>>> print(open('target_3.cif').read())   # mmCIF, C-alpha atoms
data_input
#
loop_
_atom_site.label_atom_id
_atom_site.label_comp_id
_atom_site.auth_asym_id
_atom_site.auth_seq_id
_atom_site.Cartn_x
_atom_site.Cartn_y
_atom_site.Cartn_z
CA MET R 1238 -33.17 10.77 7.86
CA MET R 1239 -31.59 14.02 9.09
CA GLN R 1240 -33.41 15.47 12.11
CA VAL R 1241 -33.35 19.27 12.47
CA SER R 1242 -34.96 21.05 15.40
CA ALA R 1243 -37.85 23.43 14.81
CA ALA R 1244 -35.80 26.30 16.25
CA LEU R 1245 -32.98 25.73 13.77
CA LYS R 1246 -35.44 25.33 10.88
CA ASN R 1247 -37.00 28.67 11.71
CA HIS R 1248 -33.59 30.28 11.92
CA LEU R 1249 -32.50 28.85 8.55
CA ALA R 1250 -35.72 30.18 6.99
CA GLY R 1251 -35.06 33.68 8.27
CA THR R 1252 -33.62 36.54 6.24
CA VAL R 1253 -30.62 36.95 8.57
CA THR R 1254 -28.71 33.99 10.01
CA THR R 1255 -25.95 33.58 12.55
CA LEU R 1256 -24.45 30.32 11.35
CA ALA R 1257 -21.03 28.82 12.00
CA THR R 1258 -19.42 25.72 10.55
CA LEU R 1259 -17.87 23.19 12.93
CA TRP R 1260 -15.34 20.51 11.99
CA ARG R 1261 -14.70 17.55 14.28
CA VAL R 1262 -11.55 15.69 13.25
CA THR R 1263 -10.98 12.18 14.62
CA ARG R 1264 -7.57 10.81 13.76
CA VAL R 1265 -6.92 7.09 13.39
CA ASP R 1266 -4.91 7.18 16.63
CA GLY R 1267 -8.06 8.30 18.48
CA LEU R 1268 -7.19 11.99 18.96
CA VAL R 1269 -10.28 14.22 18.55
CA MET R 1270 -10.01 17.93 17.68
CA GLY R 1271 -12.61 20.58 16.89
CA PHE R 1272 -12.32 23.67 14.69
CA THR R 1273 -14.68 26.38 13.46
CA ASP R 1274 -14.80 29.20 10.93
CA HIS R 1275 -16.35 31.46 13.58
CA ASP R 1276 -14.22 34.25 15.06
CA GLN R 1277 -14.54 32.80 18.59
CA ASP R 1278 -14.24 29.32 20.08
CA ILE R 1279 -17.51 27.39 20.28
CA THR R 1280 -18.32 24.64 22.79
CA PHE R 1281 -20.91 22.27 21.39
CA GLY R 1282 -21.82 18.78 22.54
CA GLY R 1283 -18.99 18.76 25.06
CA GLN R 1284 -16.34 19.45 22.39
CA VAL R 1285 -14.44 22.72 22.08
CA TYR R 1286 -14.22 23.94 18.48
CA LYS R 1287 -11.29 26.34 18.16
CA ALA R 1288 -11.31 29.40 15.93
CA ALA R 1289 -7.55 29.96 15.93
CA THR R 1290 -6.84 27.95 12.79
CA GLY R 1291 -8.99 30.02 10.43
CA PHE R 1292 -10.52 27.15 8.45
CA THR R 1293 -12.01 28.10 5.08
CA PRO R 1294 -14.10 25.53 3.14
CA THR R 1295 -14.71 25.41 -0.59
CA ALA R 1296 -18.18 24.75 -1.99
CA LEU R 1297 -19.69 21.35 -1.30
CA SER R 1298 -20.12 19.00 -4.25
CA SER R 1299 -22.76 16.30 -3.92
CA SER R 1300 -24.55 13.93 -6.26
CA ALA R 1301 -27.09 11.14 -6.12
CA ALA R 1302 -24.78 8.83 -8.11
CA LEU R 1303 -21.92 6.86 -6.61
CA ALA R 1304 -19.42 9.59 -7.40
CA VAL R 1305 -16.96 10.78 -4.77
CA ASP R 1306 -18.29 13.95 -3.16
CA ASN R 1307 -15.57 16.50 -2.59
CA LEU R 1308 -14.87 19.36 -0.22
CA GLU R 1309 -11.53 21.05 0.30
CA ILE R 1310 -10.68 22.72 3.60
CA GLN R 1311 -7.94 25.34 3.66
CA SER R 1312 -6.21 26.70 6.74
CA VAL R 1313 -3.07 28.39 7.96
CA LEU R 1314 -0.57 26.74 10.28
CA ASP R 1315 -0.99 29.20 13.14
CA THR R 1316 -1.82 26.80 15.95
CA ASP R 1317 -0.05 24.06 17.88
CA ASP R 1318 -2.96 21.68 17.22
CA ILE R 1319 -2.03 21.03 13.58
CA THR R 1320 1.66 21.08 12.69
CA GLU R 1321 3.48 20.64 9.42
CA GLU R 1322 5.41 17.73 10.92
CA ASP R 1323 2.21 15.82 11.77
CA LEU R 1324 0.72 16.49 8.34
CA SER R 1325 3.89 15.36 6.56
CA ALA R 1326 4.10 12.28 8.79
CA GLY R 1327 0.64 11.21 7.62
CA LEU R 1328 -1.02 11.40 11.04
CA TYR R 1329 -4.13 12.89 9.43
CA ASP R 1330 -4.36 10.40 6.57
CA GLY R 1331 -7.70 8.64 6.73
CA ALA R 1332 -8.94 10.77 9.63
CA THR R 1333 -12.73 11.05 9.94
CA VAL R 1334 -14.20 14.53 9.62
CA ASP R 1335 -17.74 15.50 10.71
CA VAL R 1336 -19.02 18.86 9.47
CA PHE R 1337 -21.85 20.65 11.32
CA LEU R 1338 -23.76 23.89 10.94
CA VAL R 1339 -24.91 25.58 14.16
CA ASN R 1340 -26.52 28.83 15.18
CA TYR R 1341 -23.76 30.30 17.32
CA ALA R 1342 -26.26 32.70 18.89
CA ASP R 1343 -28.43 29.76 20.06
CA LEU R 1344 -26.47 26.54 20.38
CA SER R 1345 -29.40 24.88 22.15
CA ALA R 1346 -31.17 24.74 18.75
CA GLY R 1347 -28.93 21.83 17.78
CA CYS R 1348 -27.10 21.38 14.52
CA LEU R 1349 -27.48 20.63 10.85
CA TYR R 1350 -25.23 17.67 10.05
CA PRO R 1351 -24.54 17.92 6.32
CA ARG R 1352 -21.34 15.94 5.79
CA ARG R 1353 -19.12 13.14 7.01
CA GLY R 1354 -16.01 11.94 5.22
CA THR R 1355 -12.35 11.12 5.49
CA ILE R 1356 -9.27 13.18 4.78
CA GLY R 1357 -7.65 12.30 1.47
CA GLU R 1358 -4.87 14.28 -0.18
CA VAL R 1359 -3.19 16.95 1.96
CA LYS R 1360 -1.11 19.72 0.36
CA VAL R 1361 1.26 21.66 2.61
CA SER R 1362 2.60 25.08 1.64
CA ASP R 1363 4.93 27.50 3.44
CA HIS R 1364 2.33 28.77 5.91
CA GLY R 1365 -0.78 26.66 5.43
CA PHE R 1366 -2.35 23.51 4.10
CA ALA R 1367 -5.30 22.30 2.03
CA ALA R 1368 -7.00 19.02 2.92
CA GLU R 1369 -9.38 17.14 0.64
CA LEU R 1370 -12.45 15.75 2.38
CA ARG R 1371 -13.73 12.66 0.58
CA GLY R 1372 -17.33 11.52 0.85
CA MET R 1373 -18.30 8.16 2.32
CA VAL R 1374 -18.73 6.57 -1.12
CA GLY R 1375 -15.05 7.29 -1.77
CA ALA R 1376 -14.22 3.93 -0.19
CA TYR R 1377 -15.86 2.19 -3.17
CA SER R 1378 -13.26 3.67 -5.54
CA ALA R 1379 -10.34 2.05 -3.71
CA ASN R 1380 -8.73 -1.10 -5.08
CA VAL R 1381 -9.26 -4.13 -2.85
CA GLY R 1382 -6.70 -6.90 -3.20
CA GLN R 1383 -3.88 -7.01 -5.72
CA VAL R 1384 -3.95 -6.30 -9.43
CA TYR R 1385 -1.64 -7.48 -12.19
CA SER R 1386 1.25 -5.15 -12.94
CA PRO R 1387 4.57 -5.44 -14.80
CA THR R 1388 6.35 -3.78 -11.85
CA CYS R 1389 6.75 -5.13 -8.33
CA ARG R 1390 3.95 -4.40 -5.88
CA ALA R 1391 6.10 -4.89 -2.78
CA ASP R 1392 7.78 -2.00 -1.00
CA PHE R 1393 11.55 -2.33 -1.09
CA GLY R 1394 12.69 -4.00 2.13
CA ASP R 1395 9.27 -5.05 3.43
CA ASP R 1396 8.28 -8.62 4.37
CA ARG R 1397 7.13 -9.47 0.85
CA CYS R 1398 10.33 -8.13 -0.70
CA GLY R 1399 12.65 -9.83 1.79
CA VAL R 1400 15.69 -7.67 1.03
CA SER R 1401 17.60 -6.44 4.10
CA LEU R 1402 17.71 -2.63 4.07
CA ARG R 1403 20.62 -2.71 6.50
CA ARG R 1404 22.69 -4.61 3.93
CA TYR R 1405 22.13 -1.88 1.33
CA SER R 1406 22.33 1.16 3.66
CA VAL R 1407 25.33 3.45 3.96
CA ALA R 1408 26.16 6.61 5.90
CA GLY R 1409 27.72 9.77 4.54
CA THR R 1410 28.50 13.43 5.07
CA VAL R 1411 27.62 16.45 2.92
CA THR R 1412 30.67 18.15 1.43
CA ALA R 1413 28.99 20.76 -0.82
CA VAL R 1414 25.47 22.17 -1.17
CA THR R 1415 23.63 23.51 -4.22
CA ASP R 1416 20.21 24.20 -2.67
CA HIS R 1417 17.57 22.59 -0.45
CA ARG R 1418 17.27 19.64 -2.88
CA ARG R 1419 20.79 19.08 -4.24
CA PHE R 1420 24.03 18.36 -2.45
CA THR R 1421 27.30 16.50 -2.94
CA ASP R 1422 29.14 13.89 -0.93
CA SER R 1423 32.59 13.63 -2.52
CA GLY R 1424 33.29 10.43 -0.61
CA ARG R 1425 30.70 8.40 -2.51
CA THR R 1426 31.96 5.86 -5.05
CA GLU R 1427 28.74 4.02 -5.97
CA ASP R 1428 27.64 3.78 -9.60
CA SER R 1429 25.30 6.41 -11.04
CA GLY R 1430 21.70 5.63 -10.24
CA TRP R 1431 22.56 3.37 -7.30
CA PHE R 1432 20.59 5.46 -4.79
CA THR R 1433 17.90 6.69 -7.22
CA HIS R 1434 14.45 5.89 -5.71
CA GLY R 1435 16.08 5.16 -2.36
CA LEU R 1436 15.27 6.90 0.93
CA LEU R 1437 17.70 9.35 2.54
CA THR R 1438 17.37 10.10 6.26
CA TRP R 1439 19.21 12.99 7.93
CA THR R 1440 21.00 12.09 11.16
CA SER R 1441 22.40 15.53 11.98
CA GLY R 1442 21.97 19.17 11.04
CA ALA R 1443 18.81 21.27 10.77
CA ASN R 1444 16.90 18.43 9.09
CA ALA R 1445 17.85 15.72 11.59
CA GLY R 1446 15.15 13.03 11.80
CA ARG R 1447 13.55 13.97 8.48
CA ALA R 1448 13.64 11.74 5.40
CA MET R 1449 13.19 12.27 1.67
CA GLU R 1450 13.24 10.03 -1.42
CA VAL R 1451 16.15 10.37 -3.82
CA LYS R 1452 15.14 11.48 -7.31
CA GLY R 1453 18.57 11.11 -8.87
CA TYR R 1454 22.14 10.20 -7.99
CA GLY R 1455 25.42 10.26 -9.88
CA GLY R 1456 29.07 11.03 -9.14
CA GLY R 1457 28.38 11.73 -5.48
CA VAL R 1458 25.65 14.26 -6.31
CA PHE R 1459 22.19 13.70 -4.79
CA GLN R 1460 18.96 15.25 -5.98
CA LEU R 1461 15.95 14.82 -3.70
CA PHE R 1462 12.35 14.57 -4.88
CA LEU R 1463 11.29 17.59 -2.78
CA PRO R 1464 13.26 20.38 -1.08
CA MET R 1465 14.06 19.85 2.57
CA ARG R 1466 12.27 22.13 5.00
CA SER R 1467 15.53 23.49 6.44
CA ALA R 1468 18.75 24.33 4.67
CA ILE R 1469 21.29 21.57 4.04
CA ALA R 1470 24.80 22.46 5.19
CA PRO R 1471 28.27 20.97 4.65
CA GLY R 1472 28.99 18.54 7.46
CA ASP R 1473 25.38 17.33 7.74
CA GLN R 1474 25.28 13.55 8.10
CA TYR R 1475 22.80 11.14 6.59
CA THR R 1476 22.00 7.50 5.91
CA VAL R 1477 20.64 6.30 2.58
CA TYR R 1478 19.76 2.93 1.11
CA ALA R 1479 19.94 1.74 -2.46
CA GLY R 1480 16.97 2.54 -4.66
CA CYS R 1481 14.69 0.11 -6.44
CA ASN R 1482 12.61 1.08 -9.48
CA ARG R 1483 10.46 -2.08 -9.03
CA THR R 1484 11.40 -3.59 -12.40
CA PHE R 1485 12.19 -7.27 -12.95
CA GLN R 1486 15.64 -6.45 -14.37
CA THR R 1487 16.64 -4.38 -11.32
CA CYS R 1488 15.39 -7.06 -8.95
CA LYS R 1489 17.46 -9.65 -10.81
CA THR R 1490 20.74 -7.84 -11.47
CA LYS R 1491 20.96 -5.37 -8.60
CA PHE R 1492 19.53 -7.34 -5.70
CA GLY R 1493 19.40 -10.99 -6.85
CA ASN R 1494 15.89 -11.23 -5.45
CA VAL R 1495 13.86 -12.58 -8.37
CA VAL R 1496 12.31 -15.30 -6.20
CA ASN R 1497 10.44 -12.59 -4.29
CA PHE R 1498 9.52 -10.39 -7.26
CA ARG R 1499 5.87 -9.39 -6.83
CA GLY R 1500 4.99 -8.43 -10.38
CA GLU R 1501 4.14 -9.94 -13.77
CA PRO R 1502 6.85 -8.62 -16.13
CA HIS R 1503 5.56 -10.59 -19.11
CA VAL R 1504 1.95 -9.34 -19.00
CA PRO R 1505 1.09 -7.84 -22.43
CA GLY R 1506 0.99 -4.06 -22.43
CA ASN R 1507 -1.40 -1.65 -24.12
CA ASP R 1508 0.58 -1.63 -27.37
CA PHE R 1509 0.21 -5.40 -27.72
CA LEU R 1510 -3.52 -5.24 -27.01
CA ILE R 1511 -4.02 -2.44 -29.54
CA ARG R 1512 -2.13 -4.37 -32.23
CA ALA R 1513 -4.17 -7.49 -31.50
CA ALA R 1514 -7.40 -5.47 -31.76
CA ASP R 1515 -6.30 -3.97 -35.11
CA LYS R 1516 -5.67 -7.44 -36.57
CA SER R 1517 -9.05 -8.78 -35.52
#
>>> encode(input="target_3.cif", output="structure tokens")
Amino acid sequence: MMQVSAALKNHLAGTVTTLATLWRVTRVDGLVMGFTDHDQDITFGGQVYKAATGFTPTALSSSAALAVDNLEIQSVLDTDDITEEDLSAGLYDGATVDVFLVNYADLSAGCLYPRRGTIGEVKVSDHGFAAELRGMVGAYSANVGQVYSPTCRADFGDDRCGVSLRRYSVAGTVTAVTDHRRFTDSGRTEDSGWFTHGLLTWTSGANAGRAMEVKGYGGGVFQLFLPMRSAIAPGDQYTVYAGCNRTFQTCKTKFGNVVNFRGEPHVPGNDFLIRAADKS
């Protein structure tokens, strides 16, 4: 049961309040950070909650049923504590977030502890981000174990797949640029679609060290799934490995790796089940 001090209860019952929201973020690597929507930093319980990030929460959604409670926190990237690189690298995925309400005029009154959850989907824009805070019952909506699927459940090149990424990786150099997503390497001779669904990593240029999946490839022209953060320029170098669409046919003909295929290609689909139901 939530314990609230008498002083805080009296303050909450008043006509005028001086409340601030505190967020304590604990990443899976153990790093703990504090943020607040107040206009000044707040030190509470030995943790400094910084105001520089300008956090703005949406309305809380709660229910008595086992539905996933949701809260979205929006902020601008104006601090060194949270960077676009860390967000994109997934360092905040699964981080635990504790949300408190305090009376910033009387921190000795304690706090109201209304929410704990984990960070789910994170959307990054040009100058800010929005993070979804999932309630504790959200864990019950996750799949545990493997499920049947016509496509392969292994990630290309992992231990279950067994294919050597080095064997199917090549290096290249950009010769022409269309925009932040599309460029050409006139030295490429691979068949159309060879690198589709593969991963391209930049080894030089403004995007050096960054990686992006390949959405389409043909005739030396690459199209990436998302635009790169910095401009691509002729002369930029990259490495890329062949793409796998996780189908049985690709595993067989492109990689000769059927023995490690982690799917059930002959499982009946929805059309078959619907036809069977119609006949019954």
>>> resolve_selection(input="target_3.cif", expression="the PyMOL selection byres ((chain R and resi 1343) around 10)", output="list in words")
Ala1244, Leu1245, His1248, Thr1255, Leu1256, Val1339, Asn1340, Tyr1341, Ala1342, Leu1344, Ser1345, Ala1346 and Gly1347 of chain R
>>> closest_residue(input="target_3.cif", among="R:Val1265, R:Gly1435, R:Met1270, R:Ala1288", to="Gly1331 in chain R", atoms="all atoms listed in the file")
R:Val1265
>>> atom_distance(input="target_3.cif", atom1="CA of Val1495 in chain R", atom2="CA of Ser1401 in chain R")
14.4 Å
>>> closest_residue(input="target_3.cif", among="R:Leu1437, R:Cys1481, R:Val1334, R:Val1262", to="Phe1462 in chain R", atoms="all atoms listed in the file")
R:Leu1437
>>> residues_near_point(input="target_3.cif", point="(25.3, 0.0, 4.6)", cutoff="12 Å", atoms="all atoms listed in the file", output="list in words")
Ser1401, Leu1402, Arg1403, Arg1404, Tyr1405, Ser1406, Val1407, Ala1408, Gly1409, Glu1427, Phe1432, Tyr1475, Thr1476, Val1477, Tyr1478 and Ala1479 of chain R
>>> write_last_selection(input="target_3.cif", atoms="C-alpha atoms", output="PDB file, in the frame of the given file")
ATOM      1  CA  SER R1401      17.600  -6.440   4.100  1.00  0.00           C
ATOM      2  CA  LEU R1402      17.710  -2.630   4.070  1.00  0.00           C
ATOM      3  CA  ARG R1403      20.620  -2.710   6.500  1.00  0.00           C
ATOM      4  CA  ARG R1404      22.690  -4.610   3.930  1.00  0.00           C
ATOM      5  CA  TYR R1405      22.130  -1.880   1.330  1.00  0.00           C
ATOM      6  CA  SER R1406      22.330   1.160   3.660  1.00  0.00           C
ATOM      7  CA  VAL R1407      25.330   3.450   3.960  1.00  0.00           C
ATOM      8  CA  ALA R1408      26.160   6.610   5.900  1.00  0.00           C
ATOM      9  CA  GLY R1409      27.720   9.770   4.540  1.00  0.00           C
ATOM     10  CA  GLU R1427      28.740   4.020  -5.970  1.00  0.00           C
ATOM     11  CA  PHE R1432      20.590   5.460  -4.790  1.00  0.00           C
ATOM     12  CA  TYR R1475      22.800  11.140   6.590  1.00  0.00           C
ATOM     13  CA  THR R1476      22.000   7.500   5.910  1.00  0.00           C
ATOM     14  CA  VAL R1477      20.640   6.300   2.580  1.00  0.00           C
ATOM     15  CA  TYR R1478      19.760   2.930   1.110  1.00  0.00           C
ATOM     16  CA  ALA R1479      19.940   1.740  -2.460  1.00  0.00           C
TER      17      ALA R1479
END
>>> residues_around(input="target_3.cif", residues="Gly1453 in chain R", least_positions_apart="3", cutoff="9 Å", atoms="all atoms listed in the file", output="PyMOL selection string")
chain R and resi 1429-1434+1458-1462
>>> write_last_selection(input="target_3.cif", atoms="C-alpha atoms", output="PDB file, in the coordinates of the input")
ATOM      1  CA  SER R1429      25.300   6.410 -11.040  1.00  0.00           C
ATOM      2  CA  GLY R1430      21.700   5.630 -10.240  1.00  0.00           C
ATOM      3  CA  TRP R1431      22.560   3.370  -7.300  1.00  0.00           C
ATOM      4  CA  PHE R1432      20.590   5.460  -4.790  1.00  0.00           C
ATOM      5  CA  THR R1433      17.900   6.690  -7.220  1.00  0.00           C
ATOM      6  CA  HIS R1434      14.450   5.890  -5.710  1.00  0.00           C
ATOM      7  CA  VAL R1458      25.650  14.260  -6.310  1.00  0.00           C
ATOM      8  CA  PHE R1459      22.190  13.700  -4.790  1.00  0.00           C
ATOM      9  CA  GLN R1460      18.960  15.250  -5.980  1.00  0.00           C
ATOM     10  CA  LEU R1461      15.950  14.820  -3.700  1.00  0.00           C
ATOM     11  CA  PHE R1462      12.350  14.570  -4.880  1.00  0.00           C
TER      12      PHE R1462
END
>>> resolve_selection(input="target_3.cif", expression="the PyMOL selection byres ((chain R and resi 1263) around 12)", output="mmCIF file with C-alpha atoms, keeping the file's coordinate frame")
data_model
loop_
_atom_site.group_PDB
_atom_site.id
_atom_site.type_symbol
_atom_site.label_atom_id
_atom_site.label_comp_id
_atom_site.auth_asym_id
_atom_site.auth_seq_id
_atom_site.Cartn_x
_atom_site.Cartn_y
_atom_site.Cartn_z
ATOM 1 C CA TRP R 1260 -15.340 20.510 11.990
ATOM 2 C CA ARG R 1261 -14.700 17.550 14.280
ATOM 3 C CA VAL R 1262 -11.550 15.690 13.250
ATOM 4 C CA ARG R 1264 -7.570 10.810 13.760
ATOM 5 C CA VAL R 1265 -6.920 7.090 13.390
ATOM 6 C CA ASP R 1266 -4.910 7.180 16.630
ATOM 7 C CA GLY R 1267 -8.060 8.300 18.480
ATOM 8 C CA LEU R 1268 -7.190 11.990 18.960
ATOM 9 C CA VAL R 1269 -10.280 14.220 18.550
ATOM 10 C CA MET R 1270 -10.010 17.930 17.680
ATOM 11 C CA GLY R 1271 -12.610 20.580 16.890
ATOM 12 C CA PHE R 1272 -12.320 23.670 14.690
ATOM 13 C CA GLN R 1284 -16.340 19.450 22.390
ATOM 14 C CA LEU R 1328 -1.020 11.400 11.040
ATOM 15 C CA TYR R 1329 -4.130 12.890 9.430
ATOM 16 C CA ASP R 1330 -4.360 10.400 6.570
ATOM 17 C CA GLY R 1331 -7.700 8.640 6.730
ATOM 18 C CA ALA R 1332 -8.940 10.770 9.630
ATOM 19 C CA THR R 1333 -12.730 11.050 9.940
ATOM 20 C CA VAL R 1334 -14.200 14.530 9.620
ATOM 21 C CA ASP R 1335 -17.740 15.500 10.710
ATOM 22 C CA VAL R 1336 -19.020 18.860 9.470
ATOM 23 C CA ARG R 1353 -19.120 13.140 7.010
ATOM 24 C CA GLY R 1354 -16.010 11.940 5.220
ATOM 25 C CA THR R 1355 -12.350 11.120 5.490
ATOM 26 C CA ILE R 1356 -9.270 13.180 4.780
#
>>> atom_distance(input="target_3.cif", atom1="CA of Cys1398 in chain R", atom2="CA of Arg1447 in chain R")
24.1 Å
>>> residues_around(input="target_3.cif", residues="Gly1457 in chain R", least_positions_apart="2", cutoff="8 Å", atoms="only C-alpha atoms", output="VMD selection string")
chain R and resid 1421 to 1427 1454 to 1455 1459
>>> write_last_selection(input="target_3.cif", atoms="C-alpha atoms", output="PDB file, in the frame of the given file")
ATOM      1  CA  THR R1421      27.300  16.500  -2.940  1.00  0.00           C
ATOM      2  CA  ASP R1422      29.140  13.890  -0.930  1.00  0.00           C
ATOM      3  CA  SER R1423      32.590  13.630  -2.520  1.00  0.00           C
ATOM      4  CA  GLY R1424      33.290  10.430  -0.610  1.00  0.00           C
ATOM      5  CA  ARG R1425      30.700   8.400  -2.510  1.00  0.00           C
ATOM      6  CA  THR R1426      31.960   5.860  -5.050  1.00  0.00           C
ATOM      7  CA  GLU R1427      28.740   4.020  -5.970  1.00  0.00           C
ATOM      8  CA  TYR R1454      22.140  10.200  -7.990  1.00  0.00           C
ATOM      9  CA  GLY R1455      25.420  10.260  -9.880  1.00  0.00           C
ATOM     10  CA  PHE R1459      22.190  13.700  -4.790  1.00  0.00           C
TER      11      PHE R1459
END
>>> resolve_selection(input="target_3.cif", expression="the PyMOL selection byres ((chain R and resi 1258) around 6)", output="list in words")
Ala1257, Leu1259, Thr1273, Asp1274, Phe1337 and Leu1338 of chain R
>>> axis_aligned_box(input="target_3.cif", around="range 1411-1423 of chain R", padding_each_side="8 Å", output="lines of an AutoDock Vina configuration file")
center_x = 24.9
center_y = 18.9
center_z = -0.7
size_x = 31.3
size_y = 26.6
size_z = 23.2
>>> residues_around(input="target_3.cif", residues="Phe1498 in chain R", least_positions_apart="2", cutoff="8 Å", atoms="only C-alpha atoms", output="list in words")
Cys1389, Ala1391, Cys1398, Phe1485, Cys1488, Asn1494, Val1495, Val1496 and Gly1500 of chain R
>>> atom_distance(input="target_3.cif", atom1="CA of Gly1382 in chain R", atom2="CA of Arg1499 in chain R")
13.3 Å
>>> closest_residue(input="target_3.cif", among="R:His1503, R:Arg1371, R:Lys1246, R:Arg1483", to="Thr1388 in chain R", atoms="all atoms listed in the file")
R:Arg1483
>>> closest_residue(input="target_3.cif", among="R:Tyr1286, R:Phe1492, R:Phe1281, R:Phe1420", to="Gly1394 in chain R", atoms="only C-alpha atoms")
R:Phe1492
>>> closest_residue(input="target_3.cif", among="R:Val1504, R:Ile1319, R:Leu1436, R:Leu1324", to="Ser1386 in chain R", atoms="all atoms listed in the file")
R:Val1504
>>> closest_residue(input="target_3.cif", among="R:Thr1440, R:Val1359, R:Asp1323, R:Thr1487", to="Phe1393 in chain R", atoms="only C-alpha atoms")
R:Thr1487
>>> closest_atom_pairs(input="target_3.cif", of="range 1328-1433 of chain R", to="range 1468-1473 of chain R", cutoff="10 Å", atoms="only C-alpha atoms", output="Markdown table")
| residue | atom | partner | partner_atom | distance |
| --- | --- | --- | --- | --- |
| R:Gly1409 | CA | R:Asp1473 | CA | 8.5 |
| R:Thr1410 | CA | R:Gly1472 | CA | 5.7 |
| R:Val1411 | CA | R:Pro1471 | CA | 4.9 |
| R:Thr1412 | CA | R:Pro1471 | CA | 4.9 |
| R:Ala1413 | CA | R:Pro1471 | CA | 5.5 |
| R:Val1414 | CA | R:Ala1470 | CA | 6.4 |
| R:Thr1415 | CA | R:Ile1469 | CA | 8.8 |
| R:Asp1416 | CA | R:Ile1469 | CA | 7.3 |
| R:His1417 | CA | R:Ala1468 | CA | 5.5 |
| R:Arg1418 | CA | R:Ile1469 | CA | 8.2 |
| R:Arg1419 | CA | R:Ile1469 | CA | 8.7 |
| R:Phe1420 | CA | R:Ile1469 | CA | 7.7 |
| R:Thr1421 | CA | R:Pro1471 | CA | 8.9 |
| R:Asp1422 | CA | R:Pro1471 | CA | 9.1 |
>>> write_last_selection(input="target_3.cif", atoms="C-alpha atoms", output="mmCIF file, keeping the file's coordinate frame")
data_model
loop_
_atom_site.group_PDB
_atom_site.id
_atom_site.type_symbol
_atom_site.label_atom_id
_atom_site.label_comp_id
_atom_site.auth_asym_id
_atom_site.auth_seq_id
_atom_site.Cartn_x
_atom_site.Cartn_y
_atom_site.Cartn_z
ATOM 1 C CA GLY R 1409 27.720 9.770 4.540
ATOM 2 C CA THR R 1410 28.500 13.430 5.070
ATOM 3 C CA VAL R 1411 27.620 16.450 2.920
ATOM 4 C CA THR R 1412 30.670 18.150 1.430
ATOM 5 C CA ALA R 1413 28.990 20.760 -0.820
ATOM 6 C CA VAL R 1414 25.470 22.170 -1.170
ATOM 7 C CA THR R 1415 23.630 23.510 -4.220
ATOM 8 C CA ASP R 1416 20.210 24.200 -2.670
ATOM 9 C CA HIS R 1417 17.570 22.590 -0.450
ATOM 10 C CA ARG R 1418 17.270 19.640 -2.880
ATOM 11 C CA ARG R 1419 20.790 19.080 -4.240
ATOM 12 C CA PHE R 1420 24.030 18.360 -2.450
ATOM 13 C CA THR R 1421 27.300 16.500 -2.940
ATOM 14 C CA ASP R 1422 29.140 13.890 -0.930
#
